[in-house]
Amino acid sequence: QSTWGQHSDPLVLQMIAASLWRLALRVGVAPRRSASSWAPYFGAEPPSGGPLDGVRVLDLSRILAGPYCTMLMGDLGAHVLKVEDPDGGDPTRTWGPPFLANGDSAYFLAINRNKKSLSVDLKSEAGKRQIRELAAEADVLV
């Protein structure tokens with residue numbers, strides 16, 4: 001059995017992938033890109049220093065598995081941009097109790113920590129264009 005098969009824990013695999021990515025950046029194999037369409041969301045943020053620092057994650061997921069995955073990536077330093085429906089946002093905003101004073105559920109805030117949120121109408125042509133631009137520059141699409 002290969003070495004990869006011995007490390008089936010997703011966190012271990014993420015850390016290995018992140019280490020390889022950072023090494024590729026250091027030796028000049030992986031290209032560094034300009035901020036362009038991501039600049040309004042992450043342009044002025046200092047590096048996190050985490051193993052996924054600088055990795056761009058476009059999060060189109062909802063409910064549990066996808067948001068949990070991108071939460072872990074954000075915890076490891078990735079720049080996660082969560083796309084929500086302009087008509088009420090992520091359904092988990094209303095899952096509770098407990099709720100915070102602003103009305104968001106504790107679950108929503110916990111699972112979406114370390115993320116920036118963007119409201120986009122995926123049914124409109126402008127929204128589709130915006131997502132295509134962001135996805136073209138993302139390292140990971142969830």
# chains A, B, ... in the order shown; residues from 1 in each chain; ligands from 1

call {"tool": "residues_around", "arguments": {"residues": "A:Leu109", "least_positions_apart": "3", "cutoff": "12 Å", "atoms": "only C-alpha atoms", "output": "ChimeraX atom specification"}}
result
/A:67-68,71,90,92-96,98-100,102-106,112-117

call {"tool": "residues_around", "arguments": {"residues": "A:Gly49", "least_positions_apart": "3", "cutoff": "10 Å", "atoms": "only C-alpha atoms", "output": "NGL selection string"}}
result
:A and (46 or 52-54 or 76-78)

call {"tool": "residues_around", "arguments": {"residues": "A:Cys69", "least_positions_apart": "4", "cutoff": "12 Å", "atoms": "only C-alpha atoms", "output": "VMD selection string"}}
result
chain A and resid 10 to 11 14 57 to 65 73 to 76 78 80 82 111 to 113 115 140 to 142

call {"tool": "atom_distance", "arguments": {"atom1": "atom CA of A:Leu118", "atom2": "atom CA of A:Ile131"}}
result
10.3 Å

call {"tool": "atom_distance", "arguments": {"atom1": "atom CA of A:Tyr41", "atom2": "atom CA of A:Leu134"}}
result
10.9 Å

call {"tool": "atom_distance", "arguments": {"atom1": "atom CA of A:Pro91", "atom2": "atom CA of A:Glu133"}}
result
25.0 Å
